file my_file_12.cif (mmCIF, N, CA and C atoms and all ligand atoms)
data_start
#
loop_
_atom_site.label_atom_id
_atom_site.label_comp_id
_atom_site.auth_asym_id
_atom_site.auth_seq_id
_atom_site.Cartn_x
_atom_site.Cartn_y
_atom_site.Cartn_z
N MET A 1 -4.41 8.60 11.85
CA MET A 1 -4.96 8.85 10.52
C MET A 1 -5.95 10.00 10.57
N ASN A 2 -5.83 10.91 9.60
CA ASN A 2 -6.77 12.02 9.52
C ASN A 2 -8.02 11.59 8.77
N ASN A 3 -9.15 12.07 9.23
CA ASN A 3 -10.39 11.85 8.49
C ASN A 3 -10.57 12.99 7.50
N ILE A 4 -11.08 12.67 6.34
CA ILE A 4 -11.39 13.70 5.36
C ILE A 4 -12.74 13.34 4.76
N SER A 5 -13.57 14.34 4.60
CA SER A 5 -14.90 14.06 4.07
C SER A 5 -14.80 13.70 2.60
N ARG A 6 -15.77 12.96 2.13
CA ARG A 6 -15.83 12.56 0.73
C ARG A 6 -15.82 13.79 -0.17
N GLU A 7 -16.58 14.80 0.23
CA GLU A 7 -16.65 16.04 -0.54
C GLU A 7 -15.27 16.69 -0.68
N HIS A 8 -14.53 16.75 0.45
CA HIS A 8 -13.21 17.36 0.41
C HIS A 8 -12.21 16.51 -0.37
N ALA A 9 -12.35 15.18 -0.27
CA ALA A 9 -11.46 14.29 -1.01
C ALA A 9 -11.61 14.53 -2.51
N VAL A 10 -12.85 14.61 -2.97
CA VAL A 10 -13.11 14.84 -4.40
C VAL A 10 -12.59 16.22 -4.81
N GLN A 11 -12.82 17.21 -3.95
CA GLN A 11 -12.35 18.57 -4.23
C GLN A 11 -10.82 18.62 -4.33
N PHE A 12 -10.17 17.93 -3.41
CA PHE A 12 -8.70 17.88 -3.35
C PHE A 12 -8.13 17.23 -4.60
N ILE A 13 -8.68 16.06 -4.95
CA ILE A 13 -8.21 15.34 -6.13
C ILE A 13 -8.43 16.18 -7.39
N SER A 14 -9.60 16.80 -7.49
CA SER A 14 -9.92 17.61 -8.67
C SER A 14 -8.99 18.80 -8.80
N SER A 15 -8.66 19.44 -7.67
CA SER A 15 -7.80 20.62 -7.76
C SER A 15 -6.38 20.21 -8.15
N LEU A 16 -5.90 19.05 -7.66
CA LEU A 16 -4.58 18.57 -8.07
C LEU A 16 -4.57 18.24 -9.56
N ARG A 17 -5.64 17.56 -10.00
CA ARG A 17 -5.77 17.21 -11.41
C ARG A 17 -5.71 18.44 -12.30
N ASN A 18 -6.47 19.47 -11.92
CA ASN A 18 -6.51 20.69 -12.71
C ASN A 18 -5.15 21.36 -12.75
N LEU A 19 -4.46 21.33 -11.62
CA LEU A 19 -3.13 21.93 -11.55
C LEU A 19 -2.18 21.20 -12.49
N ILE A 20 -2.19 19.88 -12.45
CA ILE A 20 -1.31 19.08 -13.31
C ILE A 20 -1.67 19.30 -14.78
N GLU A 21 -2.96 19.29 -15.06
CA GLU A 21 -3.42 19.49 -16.44
C GLU A 21 -2.96 20.84 -16.98
N LYS A 22 -2.97 21.85 -16.11
CA LYS A 22 -2.54 23.19 -16.51
C LYS A 22 -1.03 23.23 -16.76
N GLU A 23 -0.29 22.52 -15.92
CA GLU A 23 1.17 22.55 -16.02
C GLU A 23 1.68 21.83 -17.25
N MET A 24 1.19 20.62 -17.47
CA MET A 24 1.66 19.85 -18.61
C MET A 24 0.75 18.66 -18.87
N ASN A 25 0.75 18.23 -20.10
CA ASN A 25 0.06 16.99 -20.41
C ASN A 25 1.04 15.87 -20.06
N ILE A 26 0.92 15.40 -18.85
CA ILE A 26 1.95 14.54 -18.27
C ILE A 26 2.19 13.26 -19.09
N LEU A 27 1.17 12.76 -19.73
CA LEU A 27 1.35 11.48 -20.41
C LEU A 27 1.92 11.60 -21.81
N THR A 28 1.77 12.76 -22.45
CA THR A 28 2.40 12.90 -23.76
C THR A 28 3.85 13.36 -23.61
N HIS A 29 4.20 13.84 -22.43
CA HIS A 29 5.58 14.31 -22.21
C HIS A 29 6.29 13.46 -21.15
N ILE A 30 5.89 12.19 -21.07
CA ILE A 30 6.40 11.37 -19.97
C ILE A 30 7.92 11.19 -20.03
N GLU A 31 8.48 11.21 -21.27
CA GLU A 31 9.94 11.08 -21.41
C GLU A 31 10.66 12.35 -20.93
N ASP A 32 9.93 13.45 -20.90
CA ASP A 32 10.54 14.72 -20.51
C ASP A 32 10.44 15.01 -19.02
N LEU A 33 9.92 14.05 -18.26
CA LEU A 33 9.78 14.30 -16.83
C LEU A 33 11.15 14.56 -16.22
N PRO A 34 11.23 15.55 -15.35
CA PRO A 34 12.53 15.86 -14.73
C PRO A 34 13.00 14.71 -13.83
N GLU A 35 14.31 14.54 -13.79
CA GLU A 35 14.88 13.54 -12.88
C GLU A 35 14.60 14.01 -11.46
N VAL A 36 14.02 13.14 -10.66
CA VAL A 36 13.79 13.51 -9.27
C VAL A 36 14.41 12.46 -8.38
N ASN A 37 14.83 12.90 -7.23
CA ASN A 37 15.33 11.98 -6.24
C ASN A 37 14.13 11.32 -5.57
N LEU A 38 13.91 10.04 -5.88
CA LEU A 38 12.72 9.37 -5.38
C LEU A 38 12.72 9.23 -3.87
N GLY A 39 13.92 9.05 -3.30
CA GLY A 39 14.04 8.97 -1.85
C GLY A 39 13.07 7.96 -1.26
N MET A 40 12.36 8.39 -0.25
CA MET A 40 11.45 7.49 0.45
C MET A 40 10.23 7.14 -0.38
N ASP A 41 9.86 8.01 -1.34
CA ASP A 41 8.67 7.76 -2.15
C ASP A 41 8.75 6.44 -2.89
N LYS A 42 9.97 6.06 -3.29
CA LYS A 42 10.16 4.82 -4.04
C LYS A 42 9.68 3.63 -3.21
N ASP A 43 10.03 3.64 -1.93
CA ASP A 43 9.66 2.53 -1.04
C ASP A 43 8.16 2.50 -0.75
N VAL A 44 7.53 3.67 -0.82
CA VAL A 44 6.10 3.73 -0.57
C VAL A 44 5.34 2.86 -1.57
N PHE A 45 5.88 2.75 -2.79
CA PHE A 45 5.20 2.00 -3.83
C PHE A 45 5.79 0.61 -4.05
N LYS A 46 6.74 0.21 -3.21
CA LYS A 46 7.35 -1.12 -3.35
C LYS A 46 6.29 -2.20 -3.14
N GLY A 47 6.15 -3.08 -4.14
CA GLY A 47 5.24 -4.22 -4.01
C GLY A 47 3.79 -3.91 -4.31
N VAL A 48 3.45 -2.66 -4.58
CA VAL A 48 2.04 -2.36 -4.88
C VAL A 48 1.72 -2.78 -6.30
N SER A 49 0.47 -3.14 -6.54
CA SER A 49 0.08 -3.66 -7.84
C SER A 49 0.16 -2.57 -8.91
N ASN A 50 0.38 -3.01 -10.15
CA ASN A 50 0.39 -2.07 -11.28
C ASN A 50 -0.98 -1.43 -11.44
N GLY A 51 -2.02 -2.19 -11.11
CA GLY A 51 -3.38 -1.64 -11.20
C GLY A 51 -3.56 -0.47 -10.26
N PHE A 52 -2.95 -0.56 -9.09
CA PHE A 52 -3.04 0.54 -8.13
C PHE A 52 -2.32 1.78 -8.67
N LEU A 53 -1.12 1.57 -9.25
CA LEU A 53 -0.38 2.70 -9.82
C LEU A 53 -1.18 3.35 -10.95
N SER A 54 -1.84 2.50 -11.76
CA SER A 54 -2.72 3.04 -12.82
C SER A 54 -3.81 3.90 -12.22
N GLU A 55 -4.37 3.43 -11.12
CA GLU A 55 -5.44 4.18 -10.46
C GLU A 55 -4.94 5.52 -9.91
N VAL A 56 -3.71 5.50 -9.35
CA VAL A 56 -3.14 6.75 -8.82
C VAL A 56 -2.96 7.75 -9.95
N ILE A 57 -2.43 7.28 -11.09
CA ILE A 57 -2.22 8.17 -12.24
C ILE A 57 -3.57 8.69 -12.74
N TYR A 58 -4.55 7.80 -12.78
CA TYR A 58 -5.88 8.23 -13.22
C TYR A 58 -6.45 9.28 -12.27
N THR A 59 -6.27 9.02 -10.97
CA THR A 59 -6.78 9.95 -9.97
C THR A 59 -6.11 11.32 -10.09
N MET A 60 -4.78 11.29 -10.35
CA MET A 60 -4.04 12.54 -10.40
C MET A 60 -4.26 13.31 -11.70
N THR A 61 -4.39 12.58 -12.80
CA THR A 61 -4.40 13.25 -14.10
C THR A 61 -5.71 13.14 -14.85
N GLY A 62 -6.54 12.17 -14.49
CA GLY A 62 -7.76 11.93 -15.24
C GLY A 62 -7.51 11.10 -16.49
N ARG A 63 -6.26 10.65 -16.69
CA ARG A 63 -5.91 9.85 -17.87
C ARG A 63 -5.79 8.38 -17.50
N LYS A 64 -6.37 7.53 -18.34
CA LYS A 64 -6.28 6.10 -18.11
C LYS A 64 -5.02 5.56 -18.77
N VAL A 65 -4.22 4.85 -18.00
CA VAL A 65 -3.01 4.21 -18.54
C VAL A 65 -2.94 2.80 -17.96
N GLU A 66 -2.20 1.94 -18.66
CA GLU A 66 -1.92 0.63 -18.11
C GLU A 66 -0.46 0.62 -17.70
N VAL A 67 -0.20 0.40 -16.43
CA VAL A 67 1.17 0.34 -15.94
C VAL A 67 1.68 -1.08 -16.16
N ILE A 68 2.83 -1.20 -16.80
CA ILE A 68 3.39 -2.54 -17.05
C ILE A 68 4.74 -2.66 -16.37
N GLY A 69 5.14 -3.88 -16.05
CA GLY A 69 6.43 -4.11 -15.41
C GLY A 69 6.27 -5.03 -14.22
N GLU A 70 7.39 -5.60 -13.83
CA GLU A 70 7.40 -6.58 -12.75
C GLU A 70 7.21 -5.90 -11.39
N VAL A 71 6.30 -6.42 -10.59
CA VAL A 71 6.08 -5.91 -9.25
C VAL A 71 7.08 -6.59 -8.31
N GLU A 72 7.69 -5.83 -7.43
CA GLU A 72 8.62 -6.41 -6.46
C GLU A 72 7.89 -7.50 -5.66
N ASN A 73 8.53 -8.65 -5.51
CA ASN A 73 7.88 -9.76 -4.81
C ASN A 73 8.20 -9.68 -3.32
N LEU A 74 7.25 -9.22 -2.54
CA LEU A 74 7.46 -9.08 -1.10
C LEU A 74 6.90 -10.30 -0.36
N PHE A 75 7.16 -10.37 0.92
CA PHE A 75 6.67 -11.50 1.73
C PHE A 75 5.27 -11.21 2.24
N PRO A 76 4.45 -12.27 2.31
CA PRO A 76 3.08 -12.07 2.78
C PRO A 76 3.02 -11.73 4.27
N CYS A 77 2.15 -10.81 4.61
CA CYS A 77 1.89 -10.46 6.00
C CYS A 77 1.12 -11.62 6.63
N PRO A 78 1.55 -12.10 7.81
CA PRO A 78 0.85 -13.22 8.44
C PRO A 78 -0.57 -12.87 8.87
N CYS A 79 -0.87 -11.60 8.96
CA CYS A 79 -2.18 -11.17 9.44
C CYS A 79 -3.17 -10.99 8.30
N CYS A 80 -2.84 -10.16 7.31
CA CYS A 80 -3.81 -9.86 6.25
C CYS A 80 -3.58 -10.68 4.99
N GLY A 81 -2.39 -11.26 4.83
CA GLY A 81 -2.12 -12.10 3.67
C GLY A 81 -1.67 -11.34 2.43
N PHE A 82 -1.59 -10.00 2.51
CA PHE A 82 -1.08 -9.25 1.37
C PHE A 82 0.45 -9.25 1.42
N LYS A 83 1.05 -9.21 0.23
CA LYS A 83 2.51 -9.26 0.15
C LYS A 83 3.07 -7.85 0.35
N THR A 84 3.32 -7.53 1.60
CA THR A 84 3.70 -6.17 1.99
C THR A 84 5.02 -6.09 2.74
N LEU A 85 5.60 -7.23 3.13
CA LEU A 85 6.76 -7.19 4.03
C LEU A 85 8.07 -7.38 3.26
N THR A 86 9.08 -6.58 3.61
CA THR A 86 10.36 -6.68 2.91
C THR A 86 11.23 -7.80 3.46
N GLU A 87 10.93 -8.26 4.67
CA GLU A 87 11.64 -9.42 5.21
C GLU A 87 10.72 -10.21 6.11
N ARG A 88 11.04 -11.49 6.25
CA ARG A 88 10.24 -12.37 7.05
C ARG A 88 10.84 -12.46 8.45
N TYR A 89 10.01 -12.69 9.44
CA TYR A 89 10.51 -12.83 10.80
C TYR A 89 11.40 -14.06 10.91
N ASN A 90 12.60 -13.87 11.41
CA ASN A 90 13.53 -14.98 11.67
C ASN A 90 14.36 -14.60 12.89
N LYS A 91 14.07 -15.28 13.99
CA LYS A 91 14.71 -14.95 15.26
C LYS A 91 16.23 -15.07 15.18
N ASP A 92 16.70 -16.16 14.55
CA ASP A 92 18.15 -16.41 14.47
C ASP A 92 18.85 -15.36 13.61
N ALA A 93 18.22 -14.99 12.51
CA ALA A 93 18.82 -14.00 11.61
C ALA A 93 18.59 -12.57 12.11
N GLY A 94 17.70 -12.44 13.08
CA GLY A 94 17.40 -11.10 13.61
C GLY A 94 16.60 -10.26 12.64
N THR A 95 15.87 -10.91 11.75
CA THR A 95 15.07 -10.17 10.78
C THR A 95 13.60 -10.20 11.17
N GLY A 96 12.85 -9.37 10.54
CA GLY A 96 11.42 -9.28 10.81
C GLY A 96 11.07 -7.96 11.43
N TYR A 97 9.99 -7.95 12.15
CA TYR A 97 9.47 -6.74 12.79
C TYR A 97 9.07 -5.67 11.78
N ASP A 98 8.85 -6.11 10.54
CA ASP A 98 8.27 -5.19 9.56
C ASP A 98 6.85 -4.87 9.99
N ILE A 99 6.45 -3.63 9.80
CA ILE A 99 5.06 -3.26 10.07
C ILE A 99 4.32 -3.23 8.74
N CYS A 100 3.26 -4.00 8.67
CA CYS A 100 2.50 -4.11 7.42
C CYS A 100 1.84 -2.77 7.10
N PRO A 101 2.11 -2.20 5.92
CA PRO A 101 1.49 -0.92 5.57
C PRO A 101 0.00 -1.03 5.30
N TYR A 102 -0.48 -2.25 5.13
CA TYR A 102 -1.92 -2.43 4.88
C TYR A 102 -2.70 -2.53 6.18
N CYS A 103 -2.34 -3.53 7.01
CA CYS A 103 -3.15 -3.76 8.22
C CYS A 103 -2.46 -3.26 9.49
N THR A 104 -1.21 -2.83 9.38
CA THR A 104 -0.36 -2.29 10.45
C THR A 104 0.07 -3.33 11.49
N TRP A 105 -0.12 -4.61 11.21
CA TRP A 105 0.39 -5.66 12.11
C TRP A 105 1.91 -5.67 12.05
N GLU A 106 2.56 -5.75 13.21
CA GLU A 106 4.02 -5.87 13.24
C GLU A 106 4.39 -7.34 13.32
N ASP A 107 5.14 -7.81 12.34
CA ASP A 107 5.48 -9.22 12.23
C ASP A 107 6.52 -9.61 13.29
N ASP A 108 6.05 -10.20 14.37
CA ASP A 108 6.93 -10.60 15.46
C ASP A 108 7.06 -12.12 15.54
N GLY A 109 6.69 -12.80 14.46
CA GLY A 109 6.81 -14.25 14.42
C GLY A 109 5.58 -14.99 14.92
N THR A 110 4.58 -14.26 15.32
CA THR A 110 3.35 -14.88 15.81
C THR A 110 2.69 -15.70 14.71
N ILE A 111 2.25 -16.90 15.09
CA ILE A 111 1.52 -17.75 14.14
C ILE A 111 0.06 -17.88 14.57
N ASP A 112 -0.15 -18.04 15.89
CA ASP A 112 -1.51 -18.21 16.43
C ASP A 112 -2.30 -16.92 16.27
N PRO A 113 -3.34 -16.92 15.45
CA PRO A 113 -4.08 -15.68 15.21
C PRO A 113 -4.83 -15.17 16.44
N TYR A 114 -5.01 -16.03 17.42
CA TYR A 114 -5.75 -15.62 18.62
C TYR A 114 -4.83 -15.11 19.73
N ALA A 115 -3.51 -15.24 19.54
CA ALA A 115 -2.57 -14.86 20.60
C ALA A 115 -2.50 -13.35 20.75
N TYR A 116 -2.68 -12.85 21.97
CA TYR A 116 -2.51 -11.42 22.24
C TYR A 116 -1.03 -11.11 22.19
N ARG A 117 -0.65 -10.09 21.44
CA ARG A 117 0.75 -9.68 21.36
C ARG A 117 0.86 -8.25 21.87
N SER A 118 1.66 -8.08 22.92
CA SER A 118 1.74 -6.73 23.50
C SER A 118 2.32 -5.74 22.49
N ILE A 119 3.27 -6.20 21.64
CA ILE A 119 3.87 -5.31 20.65
C ILE A 119 2.81 -4.76 19.69
N ASN A 120 1.77 -5.57 19.45
CA ASN A 120 0.68 -5.16 18.55
C ASN A 120 -0.56 -4.69 19.31
N LYS A 121 -0.51 -4.78 20.61
CA LYS A 121 -1.65 -4.39 21.45
C LYS A 121 -2.94 -5.10 21.01
N GLY A 122 -2.80 -6.37 20.67
CA GLY A 122 -3.97 -7.15 20.25
C GLY A 122 -3.53 -8.41 19.53
N SER A 123 -4.51 -9.14 19.03
CA SER A 123 -4.22 -10.36 18.28
C SER A 123 -4.48 -10.11 16.80
N MET A 124 -4.05 -11.07 15.98
CA MET A 124 -4.33 -10.95 14.54
C MET A 124 -5.83 -10.94 14.29
N ILE A 125 -6.56 -11.70 15.10
CA ILE A 125 -8.02 -11.72 14.95
C ILE A 125 -8.59 -10.31 15.20
N ASP A 126 -8.04 -9.63 16.21
CA ASP A 126 -8.47 -8.24 16.45
C ASP A 126 -8.25 -7.37 15.22
N TYR A 127 -7.06 -7.51 14.60
CA TYR A 127 -6.72 -6.72 13.42
C TYR A 127 -7.64 -7.07 12.25
N ARG A 128 -7.91 -8.36 12.10
CA ARG A 128 -8.78 -8.80 10.99
C ARG A 128 -10.20 -8.28 11.19
N ASN A 129 -10.67 -8.28 12.44
CA ASN A 129 -12.00 -7.73 12.72
C ASN A 129 -12.05 -6.24 12.42
N GLU A 130 -10.97 -5.55 12.77
CA GLU A 130 -10.87 -4.11 12.49
C GLU A 130 -10.97 -3.84 10.99
N MET A 131 -10.25 -4.64 10.20
CA MET A 131 -10.30 -4.48 8.73
C MET A 131 -11.71 -4.73 8.22
N ALA A 132 -12.34 -5.79 8.75
CA ALA A 132 -13.68 -6.16 8.27
C ALA A 132 -14.72 -5.10 8.64
N SER A 133 -14.49 -4.42 9.77
CA SER A 133 -15.50 -3.45 10.20
C SER A 133 -15.25 -2.04 9.64
N ASN A 134 -14.11 -1.83 8.98
CA ASN A 134 -13.80 -0.52 8.40
C ASN A 134 -13.38 -0.62 6.94
N PRO A 135 -14.27 -1.09 6.08
CA PRO A 135 -13.86 -1.27 4.68
C PRO A 135 -13.44 0.03 3.99
N ASN A 136 -13.88 1.17 4.51
CA ASN A 136 -13.49 2.45 3.91
C ASN A 136 -12.00 2.73 4.02
N ARG A 137 -11.39 2.20 5.08
CA ARG A 137 -9.97 2.51 5.32
C ARG A 137 -9.03 1.53 4.64
N TYR A 138 -9.58 0.47 4.06
CA TYR A 138 -8.72 -0.57 3.49
C TYR A 138 -9.09 -0.81 2.03
N HIS A 139 -8.29 -0.28 1.11
CA HIS A 139 -8.53 -0.55 -0.31
C HIS A 139 -7.75 -1.82 -0.66
N THR A 140 -8.47 -2.77 -1.21
CA THR A 140 -7.89 -4.12 -1.32
C THR A 140 -7.09 -4.34 -2.59
N ASN A 141 -7.11 -3.40 -3.54
CA ASN A 141 -6.39 -3.68 -4.78
C ASN A 141 -4.97 -3.14 -4.79
N LYS A 142 -4.54 -2.53 -3.69
CA LYS A 142 -3.21 -1.93 -3.67
C LYS A 142 -2.12 -2.99 -3.62
N TRP A 143 -2.33 -3.99 -2.77
CA TRP A 143 -1.30 -5.00 -2.58
C TRP A 143 -1.72 -6.31 -3.23
N ILE A 144 -0.75 -7.16 -3.41
CA ILE A 144 -1.01 -8.43 -4.07
C ILE A 144 -1.23 -9.50 -3.01
N LYS A 145 -2.33 -10.20 -3.13
CA LYS A 145 -2.67 -11.24 -2.17
C LYS A 145 -1.76 -12.45 -2.41
N ALA A 146 -1.20 -12.98 -1.31
CA ALA A 146 -0.34 -14.15 -1.44
C ALA A 146 -1.21 -15.37 -1.75
N LYS A 147 -0.63 -16.28 -2.54
CA LYS A 147 -1.34 -17.54 -2.79
C LYS A 147 -1.22 -18.39 -1.53
N SER A 148 -2.09 -19.36 -1.39
CA SER A 148 -2.15 -20.13 -0.14
C SER A 148 -0.85 -20.88 0.14
N ASN A 149 -0.02 -21.14 -0.88
CA ASN A 149 1.22 -21.89 -0.64
C ASN A 149 2.44 -21.00 -0.41
N GLU A 150 2.22 -19.68 -0.32
CA GLU A 150 3.37 -18.78 -0.12
C GLU A 150 3.62 -18.50 1.34
ZN ZN A 201 -0.97 -7.00 6.91
#

call {"tool": "encode", "arguments": {"input": "my_file_12.cif", "output": "structure tokens"}}
result
Amino acid sequence: MNNISREHAVQFISSLRNLIEKEMNILTHIEDLPEVNLGMDKDVFKGVSNGFLSEVIYTMTGRKVEVIGEVENLFPCPCCGFKTLTERYNKDAGTGYDICPYCTWEDDGTIDPYAYRSINKGSMIDYRNEMASNPNRYHTNKWIKAKSNE
């Protein structure tokens, strides 16, 4: 991960905003947006909250919008509890090994949070401590927290 100073982050966002504002009023011409091949970008936003998408649009354009629509229901990450995984670990089915885009834990079927996993080079507790000690790197409103019974 690259570090970027707060000053440069604000400068970067502002320059993108100004560029977009100059090109078009994106929200009054939303029906006229060109068809684009979403490709991998579509998956980047799979399962993220509508509130997060609203924030991205606000950040890019300076315009407040409410994003509406059903969020894809993903599986909860066993480490951070956010619904970020496209499949659950199942040894027999050969599924799993999704890497959580939030906490980067690779779902290898581990249940014991204290178990060291070589594939993850640590335990879930290590990952949770990392998240707790670096709140700047983890924005909590992007993903949807699983309920305790999920
Ligand atoms: Zn996670």

call {"tool": "closest_atom_pairs", "arguments": {"input": "my_file_12.cif", "of": "chain A", "to": "ligand ZN 201 (chain A)", "cutoff": "6.5 Å", "atoms": "all atoms listed in the file", "output": "CSV"}}
result
residue,atom,partner,partner_atom,distance
A:Cys77,CA,A:ZN201,ZN,4.6
A:Pro78,N,A:ZN201,ZN,5.8
A:Cys79,C,A:ZN201,ZN,4.8
A:Cys80,N,A:ZN201,ZN,3.7
A:Gly81,N,A:ZN201,ZN,4.9
A:Phe82,N,A:ZN201,ZN,5.4
A:Cys100,CA,A:ZN201,ZN,4.5
A:Pro101,N,A:ZN201,ZN,5.8
A:Tyr102,C,A:ZN201,ZN,4.8
A:Cys103,N,A:ZN201,ZN,3.7
A:Thr104,N,A:ZN201,ZN,4.9
A:Trp105,N,A:ZN201,ZN,5.0

call {"tool": "residues_around", "arguments": {"input": "my_file_12.cif", "residues": "range 86-92 of chain A", "least_positions_apart": "4", "cutoff": "10 Å", "atoms": "only C-alpha atoms", "output": "ChimeraX atom specification"}}
result
/A:46-47,72-78,96-100,106-110

call {"tool": "atom_distance", "arguments": {"input": "my_file_12.cif", "atom1": "atom N of Pro34 in chain A", "atom2": "atom C of Thr59 in chain A"}}
result
18.6 Å

call {"tool": "closest_residue", "arguments": {"input": "my_file_12.cif", "among": "A:Ala93, A:Ile125, A:Ala132, A:Val48", "to": "Lys145 in chain A", "atoms": "only C-alpha atoms"}}
result
A:Val48

call {"tool": "closest_residue", "arguments": {"input": "my_file_12.cif", "among": "A:Ser148, A:Asn134, A:Lys22, A:Trp143", "to": "Asn50 in chain A", "atoms": "only C-alpha atoms"}}
result
A:Trp143

call {"tool": "select_by_dssp", "arguments": {"input": "my_file_12.cif", "residues": "range 29-140 of chain A", "states": "strand (DSSP E or B)", "output": "MDAnalysis selection string"}}
result
chainID A and resid 48 75:76 82:85 90 95 99 106 117 122

call {"tool": "residues_around", "arguments": {"input": "my_file_12.cif", "residues": "Asp126 in chain A", "least_positions_apart": "6", "cutoff": "8 Å", "atoms": "only N, CA and C atoms", "output": "PyMOL selection string"}}
result
chain A and resi 113-115+132

call {"tool": "closest_residue", "arguments": {"input": "my_file_12.cif", "among": "A:Arg6, A:Arg137, A:Lys121, A:Arg63", "to": "Glu21 in chain A", "atoms": "only C-alpha atoms"}}
result
A:Arg63
